[in-house]
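A short write-up of the structure that comes next.
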Amino acid sequence: MSDTPSLRQAALDYHAHPKPGKLEIKATKPMANGRDLARAYSPGVAEASLEIKDDPATAEMYTARGNLVAVVSNGTAVLGLGNIGALASKPVMEGKAVLFKKFAGIDCFDIEVNEPDPEKLADIVCALEPTFGAINLEDIKAPDCFVVEKLCRERMNIPVFHDDQHGTAIVVGAAARNALHVAGKRFEDIKVVSTGGGAAGIACLNMLVKLGVKRENIWLCDIHGLVYEGRAEDMNPHKDQFAQKTDLRTLDQVIDGADLFLGLSGPNVLKPEMVARMAKQPIIFALANPTPEILPDAAREVAPDAIIATGRSDFPNQVNNVLCFPFIFRGALDVGATEINDAMQIACVEGIAEMARATTSAEAAAAYKGEQLTFGPDYLIPKPFDPRLVGVVSSAVARAAMESGVARRPIADLEAYKERLNQTVFKSALLMRPVFEAAKAASRRIVFAEGEDERVLRAAQAILEETTETPILIGRPEVIEARCEKLGLSVRPGQDFQIVNPENDPRYYDYWNSYHQIMQRRGVTPDLAKAIMRTNTTAIGAIMVHRGEADSLICGTFGEYRWHLNYVEQVLGDGDLRPHGALSLMILEDGPLFIADTHVHQLPSPAELAEISIGAARHVRRFGIEPKIAFCSQSQFGNQAEGSGKRLRDAIAILDSQPRDFIYEGEMNLDVALDPELRERIFPNSRLEGAANVLIFAHADAASGVRNILKMKADGIEVGPILMGMGNKAHIVTPSITARGLLNMAAIAGTPVAHYG
């Protein structure tokens with residue numbers, strides 16, 4: 001429960017406002033007129049029903065069943081709250097459903113059942129099979145949960161997974177694998193002492209056995225002491241399998257020499273003096289909530305080298321089931337698995353463990369700012385907000401399901417499947433694919449002006465992992481080295497990428513001299529050129545491109561756009577290369593939308609507007625999209641004589657003076673540009689068909705405002721701004737850009753000019 005009244009009230013307010021609860025149902029198809037109604041319900045719905053009657057497998061084609069999970073509970077063992085009943089468990093089950101949707105895109109109904117009898121509860125769950133693609137059993141007390149799961153798995157032909165057991169076991173297995181890796185130990189050799197003979201505890205021990213721990217090396221204790229052969233009190237078949245033949249009876253007596261302590265019991269069960277008698281570099285998983293079996297500080301007082309995990313988010317290594325259940329269900333649903341078997345669970349263990357050993361993603365680092373996310377004793381398992389989990393773990397589960405023979409719909413190309421999963425979390429991935437493919441045609445050198453920025457460092461790592469480009473970073477080598485180390489990045493300056501040190505670079509004379517030659521008749525003295533080449537990283541990057549030492553410059557992670565543009569234009573601009581405008585791609589729920597000019601021209605002239613549209617059409621095609629350009633204004637098809645409407649009409653006249661290979665129309669209001677039916681009513685002779693996908697504004701304030709509103713209120717993902725007119729020699733980003741945004745811009749900068757004109 002919450003620690004303070006304010007936290008308690010904040011939690012209650014979260015659940016109550018702006019509307020009660022955490023879930024709602026949203027239609028996936030339009031329901032706007034009689035035609036839609038006739039298709040969605042009578043008479044059209046009968047066609048789908050008849051298809052399913054003839055072939056039940058088509059239910060996953062014509063209904064939501066294939067992506068629908070039930071979270072079922074009777075509320076008899078809720079979190080740390082105990083038997084609070086089905087109704088009181090509903091907020092927890094709604095929360096579980098939200099996590100399914102957030103992390104794996106799985107739709108979910110929470111079902112709370114007033115039924116304490118495990119066999120009757122199993123009957124109810126089995127009767128739900130026609131509705132769902134899988135069942136997640138939740139918060140059912142032991143040993144009833146074993147009975148319910150066993151009966152449901154025997155009788156149902158869809159996956160049934162008790163997350164309290166198997167989800168916990170999978171995450172514990174992943175944490176244990178990596179803890180042993182850090183400690184230099186093997187499953188086959190370790191002694192395990194465990195407290196807690198409930199569902200989660202037994203499942204964790206079974207998982208450790210599957211991973212290689214010898215059953216005779218496991219010592220299980222519960223509230224009554226050690227589980228031993230011949231004990232009668234509070235025993236069941238699940239505990240029996242871990243009964244030891246011994247005269248020892250207590251945790252204190254069996255802890256000596258233990259390599260791994262696994263606690264799923266209660267507070268302060270493990271005493272510091274017990275930890276002192278464990279093996280060297282002991283592994284302590286104290287998972288009781290909210291107070292663990294031993295606090296990390298108390299354990300480290302007697303064992304400074306201890307590797308510790310808890311169930312709490314305020315300590316390193318939180319064992320959290322959300323690392324498992326969304327992704328194991330995603331993989332199981334996508335191959336139509338009939339069950340979640342041992343092979344799939346172990347694949348999940350390996351996938352989670354692998355993610356922690358990999359370089360941390362920029363998205364996870366942003367979500368957990370300030371935390372050390374480098375693999376080691378304090379980072380054994382990844383963070384739930386690492387977006388790569390769905391691709392790595394779900395594809396591993398899907399592969400295991402196919403290899404173990406439980407997949408009804410095998411996936412032919414698992415790499416393509418993994419890429420599709422990544423596209424669900426990296427919204428830019430699908431649209432950026434043509435750009436990344438084109439960038440592979442040449443290994444271009446991309447210089448980053450702000451090379452010490454964390455986002456740039458993470459982007460450099462990703463560039464080296466995912467592209468054929470070579471990053472060059474401007475910055476102090478010792479700062480970049482230290483930050484790479486702190487961030488857990490595997491790349492190092494001088495080995496993986498080139499560094500340009502503004503404070504001390506052997507090319508300094510060449511750089512300031514080149515800059516002075518360009519600027520000597522524009523008021524720049526040699527002393528000023530020297531100062532700029534010591535302090536202005538944007539100018540340094542531009543000079544490198546000018547001298548042919550880099551192919552493209554990316555700058556702007558801090559500072560004002562036009563300040564950077566000034567130096568880019570000074571150094572790289574000539575008769576053929578000059579900024580035409582800035583184009584931003586906004587990736588929205590219903591598709592992409594391009595916006596220009598967001599930064600270069602404050603009040604573009606008709607000639608500049610025409611030039612912006614020509615450049616926009618060329619760049620939009622780089623994404624495999626046919627441009628449909630709308631010139632947007634308060635004026636609409638000539639109804640205002642002056643102002644922005646006149647400039648846009650003059651721009652269209654310039655475009656009309658020559659044949660063009662793209663469609664454009666205007667001037668018009670935004671709603672008319674995006675709503676073909678409204679446009680047909682207002683201007684039936686428009687040459688634009690369908691919704692516009694490129695919006696060009698006559699004022700930078702309007703373009704930038706729309707861009708920012710879409711980012712902040714419509715969860716739009718921006719790719720850009722793309723600087724048009726500079727031959728792909730420079731791009732200026734904005735301070736809000738992410739590491740993935742920089743990777744996308746590197747791909748754009750990495751595309752040879754020949755690919756887009």
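Residue names in the structure tokens use chain letters A, B, ... in the order shown, residue numbers from 1 in each chain, and ligand numbers from 1 in the order shown.
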
| query | Do you know which residues are at most 8 Å from Glu94 in chain A counting only C-alpha atoms, after dropping those on the same chain fewer than 2 positions away, and could you put them as a VMD selection string? | reply | chain A and resid 21 to 23 90 to 92 96 to 98 109 to 110

Emit the selected residues as an mmCIF file, in the first residue's frame, including N, CA, C and O atoms.
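Saved as out_20.cif:
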data_model
loop_
_atom_site.group_PDB
_atom_site.id
_atom_site.type_symbol
_atom_site.label_atom_id
_atom_site.label_comp_id
_atom_site.auth_asym_id
_atom_site.auth_seq_id
_atom_site.Cartn_x
_atom_site.Cartn_y
_atom_site.Cartn_z
ATOM 1 N N GLY A 21 -11.550 4.077 -13.829
ATOM 2 C CA GLY A 21 -10.894 2.884 -14.358
ATOM 3 C C GLY A 21 -9.766 3.194 -15.310
ATOM 4 O O GLY A 21 -9.446 4.351 -15.578
ATOM 5 N N LYS A 22 -9.159 2.143 -15.855
ATOM 6 C CA LYS A 22 -7.987 2.285 -16.718
ATOM 7 C C LYS A 22 -8.199 1.727 -18.121
ATOM 8 O O LYS A 22 -7.266 1.705 -18.911
ATOM 9 N N LEU A 23 -9.414 1.264 -18.435
ATOM 10 C CA LEU A 23 -9.671 0.622 -19.725
ATOM 11 C C LEU A 23 -10.902 1.202 -20.385
ATOM 12 O O LEU A 23 -11.820 1.683 -19.726
ATOM 13 N N LYS A 90 -10.305 -6.011 -9.017
ATOM 14 C CA LYS A 90 -10.515 -5.475 -10.372
ATOM 15 C C LYS A 90 -9.504 -4.390 -10.762
ATOM 16 O O LYS A 90 -9.000 -4.407 -11.899
ATOM 17 N N PRO A 91 -9.150 -3.432 -9.879
ATOM 18 C CA PRO A 91 -8.134 -2.461 -10.302
ATOM 19 C C PRO A 91 -6.809 -3.112 -10.690
ATOM 20 O O PRO A 91 -6.133 -2.658 -11.615
ATOM 21 N N VAL A 92 -6.446 -4.187 -9.993
ATOM 22 C CA VAL A 92 -5.203 -4.876 -10.317
ATOM 23 C C VAL A 92 -5.297 -5.543 -11.682
ATOM 24 O O VAL A 92 -4.381 -5.472 -12.507
ATOM 25 N N LYS A 96 -3.230 -4.971 -15.158
ATOM 26 C CA LYS A 96 -2.558 -6.022 -15.930
ATOM 27 C C LYS A 96 -2.932 -5.904 -17.414
ATOM 28 O O LYS A 96 -2.074 -6.037 -18.305
ATOM 29 N N ALA A 97 -4.197 -5.641 -17.681
ATOM 30 C CA ALA A 97 -4.645 -5.494 -19.067
ATOM 31 C C ALA A 97 -3.970 -4.310 -19.745
ATOM 32 O O ALA A 97 -3.593 -4.380 -20.920
ATOM 33 N N VAL A 98 -3.804 -3.214 -19.005
ATOM 34 C CA VAL A 98 -3.129 -2.040 -19.558
ATOM 35 C C VAL A 98 -1.684 -2.367 -19.920
ATOM 36 O O VAL A 98 -1.167 -1.925 -20.954
ATOM 37 N N PHE A 109 -9.278 -8.396 -21.781
ATOM 38 C CA PHE A 109 -10.430 -8.213 -20.898
ATOM 39 C C PHE A 109 -10.047 -8.736 -19.519
ATOM 40 O O PHE A 109 -9.467 -9.827 -19.392
ATOM 41 N N ASP A 110 -10.362 -7.969 -18.488
ATOM 42 C CA ASP A 110 -10.181 -8.478 -17.132
ATOM 43 C C ASP A 110 -11.491 -9.117 -16.677
ATOM 44 O O ASP A 110 -12.567 -8.551 -16.851
#

Enumerate, in order of chain and increasing residue number, the residues of range 520-625 of chain A with an atom no farther than 8 Å from range 698-714 of chain A, each with its shortest atom pair and distance in Å to one decimal, counting only C-alpha atoms, as JSON lines.
{"residue": "A:Ser584", "atom": "CA", "partner": "A:Arg707", "partner_atom": "CA", "distance": 7.6}
{"residue": "A:Met586", "atom": "CA", "partner": "A:Arg707", "partner_atom": "CA", "distance": 7.3}
{"residue": "A:Leu588", "atom": "CA", "partner": "A:Ala714", "partner_atom": "CA", "distance": 7.1}
{"residue": "A:Ile595", "atom": "CA", "partner": "A:Ala703", "partner_atom": "CA", "distance": 6.4}
{"residue": "A:Ala596", "atom": "CA", "partner": "A:Ala703", "partner_atom": "CA", "distance": 6.0}
{"residue": "A:Asp597", "atom": "CA", "partner": "A:Ala700", "partner_atom": "CA", "distance": 5.9}
{"residue": "A:Thr598", "atom": "CA", "partner": "A:Ser704", "partner_atom": "CA", "distance": 4.8}
{"residue": "A:His599", "atom": "CA", "partner": "A:Ala700", "partner_atom": "CA", "distance": 6.1}
{"residue": "A:Val600", "atom": "CA", "partner": "A:Ala700", "partner_atom": "CA", "distance": 7.7}
{"residue": "A:His601", "atom": "CA", "partner": "A:Ala700", "partner_atom": "CA", "distance": 6.5}
{"residue": "A:Gln602", "atom": "CA", "partner": "A:Ala700", "partner_atom": "CA", "distance": 4.9}
{"residue": "A:Leu603", "atom": "CA", "partner": "A:His699", "partner_atom": "CA", "distance": 5.0}
{"residue": "A:Pro604", "atom": "CA", "partner": "A:Ala698", "partner_atom": "CA", "distance": 6.2}
{"residue": "A:Leu609", "atom": "CA", "partner": "A:Ala698", "partner_atom": "CA", "distance": 7.3}

| task | Using only C-alpha atoms, determine which residues lie at most 6 Å from range 121-137 of chain A, disregarding the query and same-chain residues fewer than 6 positions distant; provide the list as a PyMOL selection string. | result | chain A and resi 65-66+68-72+115+148+152+158-162

Include N, CA, C and O atoms and write out the residues we just selected as a PDB file, in the first residue's frame.
ATOM      1  N   ARG A  65     -10.265 -12.270 -31.724  1.00  0.00           N
ATOM      2  CA  ARG A  65      -9.875 -13.353 -30.828  1.00  0.00           C
ATOM      3  C   ARG A  65      -8.373 -13.637 -30.840  1.00  0.00           C
ATOM      4  O   ARG A  65      -7.768 -13.933 -29.812  1.00  0.00           O
ATOM      5  N   GLY A  66      -7.738 -13.564 -31.989  1.00  0.00           N
ATOM      6  CA  GLY A  66      -6.331 -13.916 -32.098  1.00  0.00           C
ATOM      7  C   GLY A  66      -5.393 -12.965 -31.378  1.00  0.00           C
ATOM      8  O   GLY A  66      -4.219 -13.264 -31.207  1.00  0.00           O
ATOM      9  N   LEU A  68      -6.548 -11.408 -28.351  1.00  0.00           N
ATOM     10  CA  LEU A  68      -7.345 -11.106 -27.163  1.00  0.00           C
ATOM     11  C   LEU A  68      -7.018 -12.095 -26.048  1.00  0.00           C
ATOM     12  O   LEU A  68      -7.112 -13.312 -26.233  1.00  0.00           O
ATOM     13  N   VAL A  69      -6.636 -11.545 -24.902  1.00  0.00           N
ATOM     14  CA  VAL A  69      -6.290 -12.344 -23.730  1.00  0.00           C
ATOM     15  C   VAL A  69      -7.243 -12.017 -22.594  1.00  0.00           C
ATOM     16  O   VAL A  69      -7.638 -10.857 -22.423  1.00  0.00           O
ATOM     17  N   ALA A  70      -7.619 -13.024 -21.825  1.00  0.00           N
ATOM     18  CA  ALA A  70      -8.403 -12.810 -20.605  1.00  0.00           C
ATOM     19  C   ALA A  70      -7.483 -12.862 -19.400  1.00  0.00           C
ATOM     20  O   ALA A  70      -6.684 -13.798 -19.263  1.00  0.00           O
ATOM     21  N   VAL A  71      -7.560 -11.857 -18.542  1.00  0.00           N
ATOM     22  CA  VAL A  71      -6.901 -11.906 -17.241  1.00  0.00           C
ATOM     23  C   VAL A  71      -7.969 -12.308 -16.231  1.00  0.00           C
ATOM     24  O   VAL A  71      -8.908 -11.566 -15.974  1.00  0.00           O
ATOM     25  N   VAL A  72      -7.840 -13.507 -15.687  1.00  0.00           N
ATOM     26  CA  VAL A  72      -8.888 -14.094 -14.839  1.00  0.00           C
ATOM     27  C   VAL A  72      -8.378 -14.248 -13.413  1.00  0.00           C
ATOM     28  O   VAL A  72      -7.285 -14.790 -13.185  1.00  0.00           O
ATOM     29  N   GLU A 115     -15.691 -17.119  -7.343  1.00  0.00           N
ATOM     30  CA  GLU A 115     -15.729 -18.575  -7.250  1.00  0.00           C
ATOM     31  C   GLU A 115     -14.470 -19.076  -6.546  1.00  0.00           C
ATOM     32  O   GLU A 115     -13.393 -19.170  -7.150  1.00  0.00           O
ATOM     33  N   VAL A 148      -6.356 -25.193 -10.819  1.00  0.00           N
ATOM     34  CA  VAL A 148      -7.026 -24.455 -11.901  1.00  0.00           C
ATOM     35  C   VAL A 148      -6.196 -24.520 -13.180  1.00  0.00           C
ATOM     36  O   VAL A 148      -6.706 -24.826 -14.264  1.00  0.00           O
ATOM     37  N   CYS A 152      -7.304 -26.444 -16.695  1.00  0.00           N
ATOM     38  CA  CYS A 152      -7.486 -25.620 -17.893  1.00  0.00           C
ATOM     39  C   CYS A 152      -6.519 -26.026 -18.999  1.00  0.00           C
ATOM     40  O   CYS A 152      -6.896 -26.101 -20.176  1.00  0.00           O
ATOM     41  N   ILE A 158      -5.870 -23.561 -26.120  1.00  0.00           N
ATOM     42  CA  ILE A 158      -5.209 -22.264 -26.229  1.00  0.00           C
ATOM     43  C   ILE A 158      -4.257 -22.134 -25.037  1.00  0.00           C
ATOM     44  O   ILE A 158      -4.388 -22.850 -24.054  1.00  0.00           O
ATOM     45  N   PRO A 159      -3.282 -21.232 -25.116  1.00  0.00           N
ATOM     46  CA  PRO A 159      -2.341 -21.087 -24.006  1.00  0.00           C
ATOM     47  C   PRO A 159      -3.034 -20.669 -22.707  1.00  0.00           C
ATOM     48  O   PRO A 159      -3.876 -19.761 -22.699  1.00  0.00           O
ATOM     49  N   VAL A 160      -2.673 -21.330 -21.624  1.00  0.00           N
ATOM     50  CA  VAL A 160      -3.120 -20.969 -20.274  1.00  0.00           C
ATOM     51  C   VAL A 160      -1.859 -20.795 -19.437  1.00  0.00           C
ATOM     52  O   VAL A 160      -1.031 -21.705 -19.351  1.00  0.00           O
ATOM     53  N   PHE A 161      -1.734 -19.635 -18.815  1.00  0.00           N
ATOM     54  CA  PHE A 161      -0.465 -19.270 -18.171  1.00  0.00           C
ATOM     55  C   PHE A 161      -0.782 -18.584 -16.852  1.00  0.00           C
ATOM     56  O   PHE A 161      -1.447 -17.546 -16.821  1.00  0.00           O
ATOM     57  N   HIS A 162      -0.345 -19.196 -15.746  1.00  0.00           N
ATOM     58  CA  HIS A 162      -0.509 -18.564 -14.441  1.00  0.00           C
ATOM     59  C   HIS A 162       0.709 -17.695 -14.185  1.00  0.00           C
ATOM     60  O   HIS A 162       1.779 -18.184 -13.835  1.00  0.00           O
TER      61      HIS A 162
END

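Separating CA of Asn321 in chain A from CA of Asp715 in chain A is a distance of 27.1 Å.
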
Would you mind listing, for every residue of range 155-221 of chain A within 10 Å of range 381-403 of chain A, the two atoms forming the shortest contact and the distance between them in Å to one decimal, using only C-alpha atoms, sorted by chain and ascending residue number, as CSV?
residue,atom,partner,partner_atom,distance
A:Val171,CA,A:Ile381,CA,8.0
A:Val172,CA,A:Ile381,CA,9.3
A:Ala174,CA,A:Ile381,CA,6.9
A:Ala175,CA,A:Ile381,CA,5.7
A:Ala176,CA,A:Ile381,CA,9.3
A:Arg177,CA,A:Ile381,CA,9.7
A:Asn178,CA,A:Ile381,CA,7.7
A:Ala179,CA,A:Ile381,CA,9.3

| task | Grab the CA of Lys729 in chain A to CA of Ala550 in chain A distance for me, in Å with one decimal place. | result | 8.9 Å

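For range 199-395 of chain A, backbone-based DSSP assignment of strand (DSSP E) covers A:Ile218, A:Trp219, A:Leu220, A:Cys221, A:Asp222, A:Gly225, A:Leu226, A:Leu260, A:Phe261, A:Leu262, A:Gly263, A:Ile283, A:Ile284, A:Phe285, A:Ala286, A:Ile307, A:Ile308, A:Ala309, A:Thr310.
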
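Distance annotation: of A:Ile587, A:Val147, A:Ala730, A:Ile696, the residue with the minimal separation from Glu119 in chain A is A:Val147; atom set is only C-alpha atoms.
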
Would you tabulate, counting only C-alpha atoms, all residues of range 706-753 of chain A that have an atom at most 12 Å from an atom of range 616-633 of chain A, showing the closest pair of atoms and their distance in Å to one decimal, sorted by chain then ascending number, as CSV?
residue,atom,partner,partner_atom,distance
A:Val706,CA,A:Cys632,CA,11.3
A:Val719,CA,A:Phe623,CA,11.1
A:Gly720,CA,A:His619,CA,11.3
A:Pro721,CA,A:His619,CA,11.5
A:Ile722,CA,A:His619,CA,8.5
A:Leu723,CA,A:His619,CA,10.0
A:Met724,CA,A:Ala616,CA,7.7
A:Gly725,CA,A:Ala616,CA,10.0
A:Gly727,CA,A:His619,CA,11.3
A:Asn728,CA,A:His619,CA,10.6
A:Asn744,CA,A:Phe623,CA,11.8
A:Ala747,CA,A:Arg622,CA,11.2
A:Ile748,CA,A:Arg622,CA,8.9
A:Ala749,CA,A:Arg622,CA,11.9
A:Thr751,CA,A:Arg622,CA,9.4
A:Pro752,CA,A:Arg622,CA,11.3
A:Val753,CA,A:His619,CA,10.8

Write a file of the selected residues as a short mmCIF file (atom, residue, chain, number, x, y, z; two decimals), in the first residue's frame, keeping all heavy atoms.
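So the final result, stored in part12.cif, reads:
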data_model
loop_
_atom_site.label_atom_id
_atom_site.label_comp_id
_atom_site.auth_asym_id
_atom_site.auth_seq_id
_atom_site.Cartn_x
_atom_site.Cartn_y
_atom_site.Cartn_z
N VAL A 706 1.91 23.74 -36.04
CA VAL A 706 1.22 22.48 -36.35
C VAL A 706 2.12 21.30 -36.01
O VAL A 706 1.68 20.30 -35.43
CB VAL A 706 0.80 22.46 -37.83
CG1 VAL A 706 0.34 21.07 -38.24
CG2 VAL A 706 -0.31 23.48 -38.08
N VAL A 719 10.38 12.82 -37.74
CA VAL A 719 11.63 12.53 -38.42
C VAL A 719 12.03 13.82 -39.11
O VAL A 719 11.34 14.31 -40.00
CB VAL A 719 11.48 11.39 -39.45
CG1 VAL A 719 12.77 11.19 -40.22
CG2 VAL A 719 11.06 10.10 -38.76
N GLY A 720 13.16 14.37 -38.70
CA GLY A 720 13.57 15.65 -39.27
C GLY A 720 13.94 16.63 -38.17
O GLY A 720 14.14 16.23 -37.01
N PRO A 721 13.99 17.92 -38.53
CA PRO A 721 13.71 18.49 -39.85
C PRO A 721 14.79 18.12 -40.89
O PRO A 721 15.96 18.02 -40.55
CB PRO A 721 13.73 20.00 -39.60
CG PRO A 721 13.69 20.18 -38.11
CD PRO A 721 14.31 18.96 -37.53
N ILE A 722 14.34 17.93 -42.10
CA ILE A 722 15.23 17.64 -43.22
C ILE A 722 15.53 18.97 -43.91
O ILE A 722 14.61 19.67 -44.35
CB ILE A 722 14.57 16.67 -44.21
CG1 ILE A 722 14.23 15.35 -43.52
CG2 ILE A 722 15.46 16.45 -45.42
CD1 ILE A 722 13.29 14.46 -44.34
N LEU A 723 16.80 19.33 -43.96
CA LEU A 723 17.19 20.59 -44.60
C LEU A 723 17.25 20.38 -46.11
O LEU A 723 18.10 19.65 -46.61
CB LEU A 723 18.54 21.06 -44.06
CG LEU A 723 19.06 22.40 -44.60
CD1 LEU A 723 18.07 23.52 -44.34
CD2 LEU A 723 20.42 22.72 -43.98
N MET A 724 16.33 21.03 -46.82
CA MET A 724 16.25 20.88 -48.28
C MET A 724 17.12 21.93 -48.97
O MET A 724 17.22 23.06 -48.52
CB MET A 724 14.80 21.01 -48.74
CG MET A 724 13.87 20.00 -48.12
SD MET A 724 12.16 20.09 -48.76
CE MET A 724 11.61 21.68 -48.11
N GLY A 725 17.75 21.51 -50.07
CA GLY A 725 18.51 22.44 -50.89
C GLY A 725 20.00 22.42 -50.68
O GLY A 725 20.74 23.08 -51.42
N GLY A 727 21.96 19.65 -50.78
CA GLY A 727 22.59 18.48 -51.37
C GLY A 727 22.92 17.40 -50.37
O GLY A 727 23.86 16.63 -50.57
N ASN A 728 22.16 17.35 -49.27
CA ASN A 728 22.34 16.34 -48.22
C ASN A 728 23.68 16.50 -47.51
O ASN A 728 24.16 15.56 -46.87
CB ASN A 728 22.22 14.92 -48.79
CG ASN A 728 21.59 13.96 -47.80
OD1 ASN A 728 20.89 14.35 -46.87
ND2 ASN A 728 21.83 12.68 -47.99
N ASN A 744 17.75 8.12 -37.34
CA ASN A 744 16.97 8.33 -38.57
C ASN A 744 17.58 9.43 -39.43
O ASN A 744 17.67 9.31 -40.66
CB ASN A 744 15.53 8.69 -38.21
CG ASN A 744 14.75 7.50 -37.66
OD1 ASN A 744 15.06 6.35 -37.95
ND2 ASN A 744 13.73 7.76 -36.87
N ALA A 747 20.54 8.20 -41.28
CA ALA A 747 20.18 7.42 -42.47
C ALA A 747 19.83 8.35 -43.63
O ALA A 747 20.20 8.10 -44.78
CB ALA A 747 19.01 6.50 -42.15
N ILE A 748 19.12 9.42 -43.32
CA ILE A 748 18.79 10.40 -44.36
C ILE A 748 20.06 11.05 -44.88
O ILE A 748 20.27 11.18 -46.10
CB ILE A 748 17.81 11.45 -43.80
CG1 ILE A 748 16.43 10.82 -43.60
CG2 ILE A 748 17.71 12.67 -44.71
CD1 ILE A 748 15.45 11.66 -42.81
N ALA A 749 20.94 11.45 -43.96
CA ALA A 749 22.21 12.05 -44.38
C ALA A 749 23.10 11.05 -45.10
O ALA A 749 23.94 11.42 -45.92
CB ALA A 749 22.94 12.60 -43.15
N THR A 751 22.22 8.87 -47.28
CA THR A 751 21.74 8.51 -48.62
C THR A 751 22.46 9.34 -49.67
O THR A 751 22.45 10.57 -49.61
CB THR A 751 20.23 8.78 -48.75
OG1 THR A 751 19.56 8.14 -47.67
CG2 THR A 751 19.70 8.27 -50.07
N PRO A 752 23.13 8.73 -50.64
CA PRO A 752 23.79 9.50 -51.69
C PRO A 752 22.79 10.38 -52.44
O PRO A 752 21.63 10.00 -52.64
CB PRO A 752 24.37 8.42 -52.62
CG PRO A 752 24.47 7.20 -51.76
CD PRO A 752 23.32 7.28 -50.80
N VAL A 753 23.23 11.56 -52.83
CA VAL A 753 22.36 12.52 -53.50
C VAL A 753 21.70 11.91 -54.74
O VAL A 753 20.55 12.20 -55.06
CB VAL A 753 23.15 13.79 -53.89
CG1 VAL A 753 22.29 14.74 -54.70
CG2 VAL A 753 23.66 14.49 -52.63
#
